[in-house]
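*Asks:* Structure file my_file_36.cif (mmCIF, C-alpha atoms) is given on the next line.
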data_run
loop_
_atom_site.label_atom_id
_atom_site.label_comp_id
_atom_site.auth_asym_id
_atom_site.auth_seq_id
_atom_site.Cartn_x
_atom_site.Cartn_y
_atom_site.Cartn_z
CA MET T 24 82.28 56.33 -82.69
CA ILE T 25 84.69 56.45 -85.62
CA ASN T 26 83.58 54.65 -88.76
CA PRO T 27 86.05 52.36 -90.59
CA LYS T 28 86.67 54.82 -93.43
CA THR T 29 87.60 57.62 -91.02
CA ALA T 30 89.71 55.22 -88.96
CA HIS T 31 91.65 54.25 -92.10
CA ARG T 32 92.23 57.91 -92.99
CA ILE T 33 93.44 58.65 -89.47
CA ALA T 34 95.83 55.69 -89.49
CA SER T 35 97.19 56.61 -92.93
CA SER T 36 97.67 60.24 -91.92
CA LEU T 37 99.47 59.32 -88.71
CA LEU T 38 101.84 57.08 -90.66
CA ARG T 39 102.68 59.99 -92.98
CA ARG T 40 103.02 62.54 -90.17
CA PRO T 41 105.12 61.02 -87.37
CA GLU T 42 105.12 64.31 -85.45
CA ILE T 43 101.35 64.08 -85.04
CA ALA T 44 101.59 60.37 -84.25
CA GLY T 45 104.04 61.30 -81.49
CA ASP T 46 101.60 63.90 -80.15
CA VAL T 47 98.79 61.35 -80.10
CA ALA T 48 100.98 58.81 -78.35
CA GLY T 49 102.03 61.39 -75.78
CA SER T 50 98.42 62.27 -75.00
CA LEU T 51 97.55 58.59 -74.65
CA MET T 52 100.46 58.00 -72.28
CA ARG T 53 99.21 60.87 -70.11
CA ARG T 54 95.72 59.33 -70.29
CA ARG T 55 94.40 62.42 -72.04
CA PHE T 56 92.15 60.39 -74.29
CA ALA T 57 89.91 63.22 -75.49
CA ASP T 58 93.00 65.24 -76.46
CA ALA T 59 94.45 62.25 -78.32
CA ALA T 60 91.18 61.83 -80.21
CA ARG T 61 91.13 65.51 -81.22
CA ARG T 62 94.71 65.31 -82.49
CA ALA T 63 93.96 62.12 -84.41
CA ARG T 64 90.84 63.58 -86.02
CA ALA T 65 92.84 66.64 -87.08
CA ALA T 66 95.29 64.33 -88.83
CA ALA T 67 92.44 62.80 -90.83
CA ARG T 68 91.61 66.12 -92.48
CA ARG T 69 92.52 66.77 -96.08
CA PRO T 70 93.32 70.16 -97.59
CA ASP T 71 90.13 71.99 -98.53
CA VAL T 72 90.65 72.86 -102.19
CA PHE T 73 86.93 72.89 -102.94
CA ALA T 74 86.22 76.62 -103.05
CA GLU T 75 83.85 77.89 -105.74
CA LYS T 76 84.67 78.04 -109.42
CA VAL T 77 82.73 79.97 -112.05
CA ILE T 78 82.47 78.89 -115.69
CA SER T 79 81.08 81.19 -118.38
CA ARG T 80 80.36 79.63 -121.76
CA LYS T 81 79.39 83.05 -123.04
CA TYR T 82 82.80 84.59 -122.32
CA ASN T 83 84.84 81.35 -122.29
CA TYR T 84 86.49 81.64 -118.88
CA LEU T 85 87.09 79.64 -115.74
CA TRP T 86 87.49 81.68 -112.56
CA LEU T 87 89.13 80.08 -109.53
CA CYS T 88 87.98 81.30 -106.14
CA ASN T 89 90.68 82.19 -103.65
CA PRO T 90 88.92 82.48 -100.26
CA LYS T 91 89.42 85.73 -98.32
CA VAL T 92 90.20 87.54 -101.59
CA ALA T 93 86.96 89.43 -102.37
CA SER T 94 85.36 86.22 -103.58
CA ARG T 95 81.78 87.31 -102.77
CA SER T 96 82.30 90.58 -104.63
CA ILE T 97 83.85 88.87 -107.65
CA ILE T 98 81.10 86.26 -107.90
CA ALA T 99 78.47 89.00 -107.72
CA ALA T 100 80.18 90.94 -110.54
CA LEU T 101 80.65 87.85 -112.72
CA LEU T 102 77.00 86.84 -112.40
CA ALA T 103 75.86 90.38 -113.08
CA ALA T 104 77.85 90.34 -116.34
CA ASP T 105 76.67 86.84 -117.27
CA PRO T 106 73.62 85.57 -115.35
CA GLY T 107 74.00 82.27 -117.15
CA ALA T 108 77.48 81.61 -115.72
CA GLU T 109 77.68 78.41 -113.68
CA VAL T 110 78.87 78.57 -110.08
CA ILE T 111 80.41 75.23 -109.09
CA ARG T 112 80.74 74.48 -105.39
CA ASP T 113 82.60 71.79 -103.49
CA ALA T 114 84.79 70.61 -106.36
CA SER T 115 88.52 70.70 -106.97
CA VAL T 116 89.96 72.22 -110.14
CA SER T 117 90.75 68.73 -111.42
CA ARG T 118 87.19 67.61 -110.85
CA VAL T 119 85.76 70.68 -112.57
CA LEU T 120 87.89 70.09 -115.66
CA GLN T 121 86.85 66.44 -115.73
CA THR T 122 83.15 67.26 -115.60
CA HIS T 123 83.45 70.34 -117.83
CA PRO T 124 86.10 69.37 -120.41
CA GLU T 125 85.27 72.40 -122.58
CA ALA T 126 86.75 74.60 -119.85
CA ARG T 127 90.22 73.22 -120.60
CA GLU T 128 90.29 75.59 -123.58
CA TYR T 129 88.98 78.58 -121.66
CA SER T 130 90.94 81.49 -120.21
CA THR T 131 91.61 81.03 -116.51
CA PHE T 132 91.99 83.80 -113.97
CA ALA T 133 92.10 84.40 -110.23
CA PHE T 134 93.11 87.00 -107.67
CA VAL T 135 95.57 86.94 -104.81
CA ARG T 136 95.95 89.02 -101.68
CA HIS T 137 98.91 89.99 -99.54
CA PRO T 138 99.40 86.92 -97.33
CA ALA T 139 99.61 89.01 -94.16
CA ALA T 140 96.32 90.77 -94.89
CA ARG T 141 94.62 87.51 -95.80
CA ALA T 142 95.82 85.80 -92.62
CA TYR T 143 94.76 88.74 -90.48
CA SER T 144 91.32 88.88 -92.12
CA PHE T 145 90.66 85.23 -91.31
CA HIS T 146 91.89 85.52 -87.74
CA ARG T 147 89.85 88.65 -87.16
CA GLU T 148 86.76 86.93 -88.50
CA LEU T 149 87.29 83.97 -86.18
CA ARG T 150 87.73 86.20 -83.14
CA SER T 151 85.15 88.86 -83.90
CA ALA T 152 82.94 89.46 -80.87
CA HIS T 153 80.37 91.38 -82.92
CA LEU T 154 79.73 89.57 -86.19
CA THR T 155 77.87 91.74 -88.64
CA TYR T 156 75.85 88.90 -90.15
CA GLU T 157 72.18 88.76 -89.23
CA GLY T 158 69.67 85.93 -88.99
CA GLU T 159 70.66 82.71 -90.75
CA GLN T 160 73.92 84.21 -92.02
CA ARG T 161 75.04 84.94 -88.47
CA LEU T 162 74.07 81.46 -87.32
CA GLY T 163 76.00 79.97 -90.22
CA LYS T 164 79.10 81.95 -89.27
CA GLU T 165 78.88 80.82 -85.63
CA ARG T 166 78.53 77.20 -86.68
CA LYS T 167 81.45 77.47 -89.08
CA ARG T 168 83.66 78.88 -86.35
CA GLY T 169 82.68 76.12 -83.91
CA LEU T 170 83.35 73.46 -86.53
CA LEU T 171 86.80 74.87 -87.32
CA PHE T 172 87.71 74.95 -83.63
CA ARG T 173 86.71 71.29 -83.29
CA LEU T 174 88.49 70.09 -86.42
CA CYS T 175 91.65 72.22 -86.38
CA TYR T 176 93.53 71.20 -83.27
CA GLY T 177 94.93 74.16 -81.34
CA LEU T 178 93.20 76.85 -83.41
CA GLU T 179 90.79 77.86 -80.65
CA GLU T 180 93.66 78.51 -78.24
CA ALA T 181 95.49 80.77 -80.72
CA ASP T 182 93.86 83.94 -79.40
CA SER T 183 96.26 86.65 -80.52
CA PHE T 184 97.29 87.17 -84.13
CA GLU T 185 100.88 86.30 -83.28
CA ALA T 186 99.75 83.08 -81.59
CA TYR T 187 97.71 82.25 -84.70
CA CYS T 188 100.74 82.82 -86.95
CA GLU T 189 102.77 80.53 -84.70
CA TRP T 190 100.00 77.93 -84.89
CA LEU T 191 100.24 78.03 -88.68
CA HIS T 192 103.76 76.61 -88.27
CA THR T 193 102.51 73.59 -86.35
CA PRO T 194 101.56 70.39 -88.19
CA TYR T 195 97.89 71.19 -87.51
CA GLY T 196 98.15 74.56 -89.27
CA SER T 197 99.98 73.21 -92.31
CA ASP T 198 98.55 72.89 -95.81
CA ALA T 199 98.27 69.14 -95.33
CA PHE T 200 95.17 69.62 -93.16
CA ALA T 201 94.19 73.20 -93.97
CA ASP T 202 90.76 74.74 -94.19
CA ARG T 203 90.27 76.76 -97.37
CA HIS T 204 90.65 80.04 -95.47
CA PHE T 205 94.22 79.42 -94.36
CA LEU T 206 95.32 77.04 -97.10
CA SER T 207 98.08 78.59 -99.20
CA GLN T 208 96.69 80.62 -102.09
CA SER T 209 99.00 78.81 -104.50
CA ALA T 210 97.27 75.53 -103.59
CA HIS T 211 93.88 76.98 -104.52
CA LEU T 212 95.08 78.35 -107.85
CA ARG T 213 97.31 75.59 -109.13
CA LEU T 214 95.94 73.92 -112.26
CA PRO T 215 96.18 70.12 -112.59
CA ASP T 216 99.39 70.35 -114.62
CA GLY T 217 100.98 72.61 -112.02
CA ARG T 218 100.60 75.85 -113.97
CA PRO T 219 99.08 78.98 -112.45
CA PRO T 220 96.01 80.57 -114.07
CA ASP T 221 96.51 82.62 -117.23
CA PHE T 222 95.93 85.82 -115.29
CA ILE T 223 96.56 86.56 -111.63
CA GLY T 224 95.30 89.88 -110.35
CA ARG T 225 95.80 91.36 -106.92
CA LEU T 226 93.28 92.54 -104.39
CA GLU T 227 95.40 95.62 -103.84
CA SER T 228 94.70 96.65 -107.44
CA LEU T 229 91.36 94.91 -107.79
CA ASP T 230 89.50 97.54 -109.79
CA ALA T 231 92.26 97.87 -112.38
CA ASP T 232 92.89 94.15 -112.61
CA PHE T 233 89.20 93.27 -112.91
CA HIS T 234 88.96 95.87 -115.68
CA ALA T 235 91.85 94.08 -117.45
CA VAL T 236 89.99 90.77 -117.17
CA ALA T 237 86.74 92.25 -118.49
CA GLU T 238 88.55 93.92 -121.38
CA ARG T 239 90.39 90.76 -122.33
CA LEU T 240 87.24 88.62 -122.26
CA GLY T 241 84.98 91.17 -123.95
CA MET T 242 82.83 91.19 -120.83
CA PRO T 243 80.90 94.29 -119.72
CA GLU T 244 82.78 95.91 -116.88
CA ARG T 245 81.13 96.03 -113.49
CA TRP T 246 82.15 98.02 -110.43
CA LEU T 247 82.79 95.44 -107.77
CA PRO T 248 80.61 95.77 -104.67
CA LEU T 249 82.36 95.93 -101.30
CA LEU T 250 81.10 92.70 -99.77
CA ASN T 251 82.26 90.60 -96.82
CA SER T 252 85.30 92.74 -96.10
CA MET T 253 87.32 92.70 -92.89
CA ALA T 254 84.87 95.20 -91.44
CA GLY T 255 81.80 93.15 -92.27
CA TRP T 256 79.15 92.54 -94.90
CA GLU T 257 78.54 95.58 -97.09
CA ALA T 258 80.96 97.61 -94.98
CA ARG T 259 81.61 101.31 -95.38
CA ARG T 260 85.07 102.23 -96.61
CA GLU T 261 85.83 104.10 -93.39
CA ASP T 262 85.16 100.89 -91.47
CA VAL T 263 87.55 99.05 -93.74
CA GLU T 264 90.24 101.67 -93.17
CA SER T 265 89.80 101.28 -89.40
CA ALA T 266 90.24 97.52 -89.71
CA ARG T 267 93.41 98.05 -91.74
CA ALA T 268 94.86 100.27 -89.04
CA GLU T 269 94.25 97.50 -86.51
CA MET T 270 95.99 95.04 -88.81
CA ASP T 271 99.04 97.26 -89.26
CA ALA T 272 99.47 97.39 -85.47
CA CYS T 273 99.57 93.58 -85.36
CA LEU T 274 102.20 93.19 -88.09
CA THR T 275 105.28 93.07 -85.89
CA PRO T 276 108.60 91.91 -87.36
CA ARG T 277 108.09 88.54 -85.67
CA VAL T 278 104.65 88.11 -87.22
CA GLU T 279 105.86 89.15 -90.66
CA GLU T 280 108.71 86.64 -90.44
CA LEU T 281 106.31 83.85 -89.49
CA LEU T 282 103.96 84.64 -92.37
CA ARG T 283 106.70 85.10 -94.93
CA THR T 284 108.05 81.67 -94.05
CA ARG T 285 104.67 79.92 -93.94
CA TYR T 286 103.39 81.46 -97.17
CA ALA T 287 106.65 81.87 -99.08
CA GLU T 288 105.12 80.61 -102.33
CA ASP T 289 102.21 83.04 -102.00
CA TYR T 290 104.54 86.00 -101.54
CA GLU T 291 106.30 85.00 -104.74
CA LEU T 292 103.04 84.27 -106.61
CA GLY T 293 101.65 87.73 -105.94
CA GLY T 294 104.93 89.60 -106.30
CA TYR T 295 104.88 90.71 -102.66
CA THR T 296 108.55 91.50 -102.23
CA ALA T 297 110.33 92.16 -98.95
CA ASP T 298 110.68 95.90 -99.63
CA GLY T 299 107.37 96.47 -101.42
CA GLY T 300 104.17 94.50 -101.27
CA ALA T 301 102.79 96.11 -98.13
CA ALA T 302 99.58 94.64 -96.79
CA THR T 303 97.70 97.88 -97.49
CA GLU T 304 94.56 97.33 -99.55
CA THR T 305 92.99 100.26 -101.35
CA ALA T 306 91.10 98.50 -104.15
CA GLY T 307 93.11 99.62 -107.15
CA ARG T 308 94.00 103.14 -106.02
CA ASN T 309 97.28 102.60 -104.21
CA GLY T 310 99.59 102.58 -107.20
CA VAL T 311 100.23 98.83 -107.20
CA PRO T 312 100.44 97.82 -110.87
CA PRO T 313 98.06 95.10 -112.10
CA ARG T 314 99.61 91.78 -113.11
CA ARG T 315 98.61 91.67 -116.79
CA ASP T 316 101.79 90.06 -118.07
CA VAL T 317 100.58 86.46 -117.74
CA PHE T 318 97.18 86.83 -119.46
CA HIS T 319 97.35 85.35 -122.91
#
Spell out the structure here as structure tokens.
*Replies:*
Amino acid sequence: MINPKTAHRIASSLLRRPEIAGDVAGSLMRRRFADAARRARAAARRPDVFAEKVISRKYNYLWLCNPKVASRSIIAALLAADPGAEVIRDASVSRVLQTHPEAREYSTFAFVRHPAARAYSFHRELRSAHLTYEGEQRLGKERKRGLLFRLCYGLEEADSFEAYCEWLHTPYGSDAFADRHFLSQSAHLRLPDGRPPDFIGRLESLDADFHAVAERLGMPERWLPLLNSMAGWEARREDVESARAEMDACLTPRVEELLRTRYAEDYELGGYTADGGAATETAGRNGVPPRRDVFH
């Protein structure tokens, strides 16, 4: 049973997205009522911009989480440097700045990741047959996957990485209804006035860029732990390298074209050019220069 509030959201979304309204109508005409309901519920979703933020009053910063970009490692390092830092969950940037007006004067920073690597990491996590989480963490991951498959129409059927990248070009894979893990990075990092954060580092040069942040803020530098990587929680570096080799095999010209079109703004935001910006990730040791030019 759909409550009135959800019904209103569905109706409003269908009015804004005629292609989804057409899909729903087509399913109804074929008497595929369950399929029509799934499509309609997908249209009621809103972009998930509620990833964690961290505020430190000691070092006067606001960090914006960008999911699938070493967020667990970064949070661990920030809390180690300032145990009193506040982790804010389930709030947009606008909401955080409303409830914490002092943060409007703070330095803001975030990290980005090559869009192809980020997309592959999420798809691999969804399709992993041997999740490395144990106990409640594993159960939480299984539930999250099931929920995403129910709410994101067509995602469960996108088995291969290429099929997933094609799905991202459907209305159901667009930013309008995106989960935080495949929402464009630019949408996560955009401040209320449209500006990017003061500093944008890259996962490919994470150690160097995090050092630049710590130096700028006068924060004690911490070596970032390798947490929740493509190869699993607290993975060994050799496992990560193996996962990267698998990813490279999936990055066909067709897949790269799909991702470059879908995440065009993210490629520009991170400086991932057509001839450079490979999806290789070696945590600050691959020669990719840190983006320090925008930190002021």
*Asks:* Which is closer to Lys81 in chain T than all the others in T:Leu240, T:Leu214, T:Leu191, T:Ala266, using all atoms listed in the file?
*Replies:*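 Smallest separation from Lys81 in chain T among the options: T:Leu240.
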*Asks:* Could you jot down the CA of Val77 in chain T to CA of Glu109 in chain T separation for me, Å, one decimal place?
*Replies:*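 Result for CA of Val77 in chain T versus CA of Glu109 in chain T: 5.5 Å, one decimal.
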*Asks:* Evaluating the PyMOL selection byres ((chain T and resi 172-181) around 7) on the displayed file yields which residues, as a list in words?
*Replies:*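 This file, filtered by the PyMOL selection byres ((chain T and resi 172-181) around 7), leaves Arg61, Arg62, Arg64, Ala65, Arg168, Gly169, Leu170, Leu171, Asp182, Ser183, Ala186, Tyr187, Trp190 and Tyr195 of chain T.
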*Asks:* With a distance cut-off of 9 Å and only C-alpha atoms, select the neighbouring residues of Ala34 in chain T, excluding the residue or stretch itself and same-chain residues fewer than 5 positions from it, and output the selection as a ChimeraX atom specification.
*Replies:* /T:29,39,63,66-67
*Asks:* Residues proximal to (99.0, 65.0, -80.3) were defined as those with any atom within 9 Å of that point in the file's coordinates, counting all atoms listed in the file. Which are they, as a list in words?
*Replies:*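 Residues with an atom close enough to that point: Glu42, Ile43, Ala44, Gly45, Asp46, Val47, Ala48, Gly49, Ser50, Leu51, Asp58, Ala59, Ala60, Arg61, Arg62, Ala63 and Tyr176 of chain T.
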*Asks:* Can you measure CA of Phe132 in chain T to CA of Phe222 in chain T for me? One decimal in Å is fine.
*Replies:* 4.6 Å
*Asks:* Run the PyMOL selection byres ((chain T and resi 118-124) around 10) mentally over the shown coordinates, then write out the matched residues as a PyMOL selection string, using the chain letters and numbers from the document.
*Replies:* chain T and resi 73+76-78+85+111-117+125-129+214-215
*Asks:* Select all residues near (88.5, 77.7, -96.1) (cut-off 12 Å, inclusive, file coordinates), counting all atoms listed in the file, and output them as an NGL selection string.
*Replies:* :T and (69-75 or 88-92 or 94 or 113 or 141-142 or 145-146 or 149 or 167-168 or 170-171 or 175 or 198 or 200-208 or 210-211)
*Asks:* Show which residues sit within 7 Å of Val278 in chain T, as a PyMOL selection string. Count all atoms listed in the file, and ignore same-chain residues fewer than 4 positions away.
*Replies:* chain T and resi 185+188+274+282
*Asks:* Quote the spacing between CA of Cys273 in chain T and CA of Phe184 in chain T in Å to one decimal place.
*Replies:*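 Interatomic distance here is 6.9 Å.
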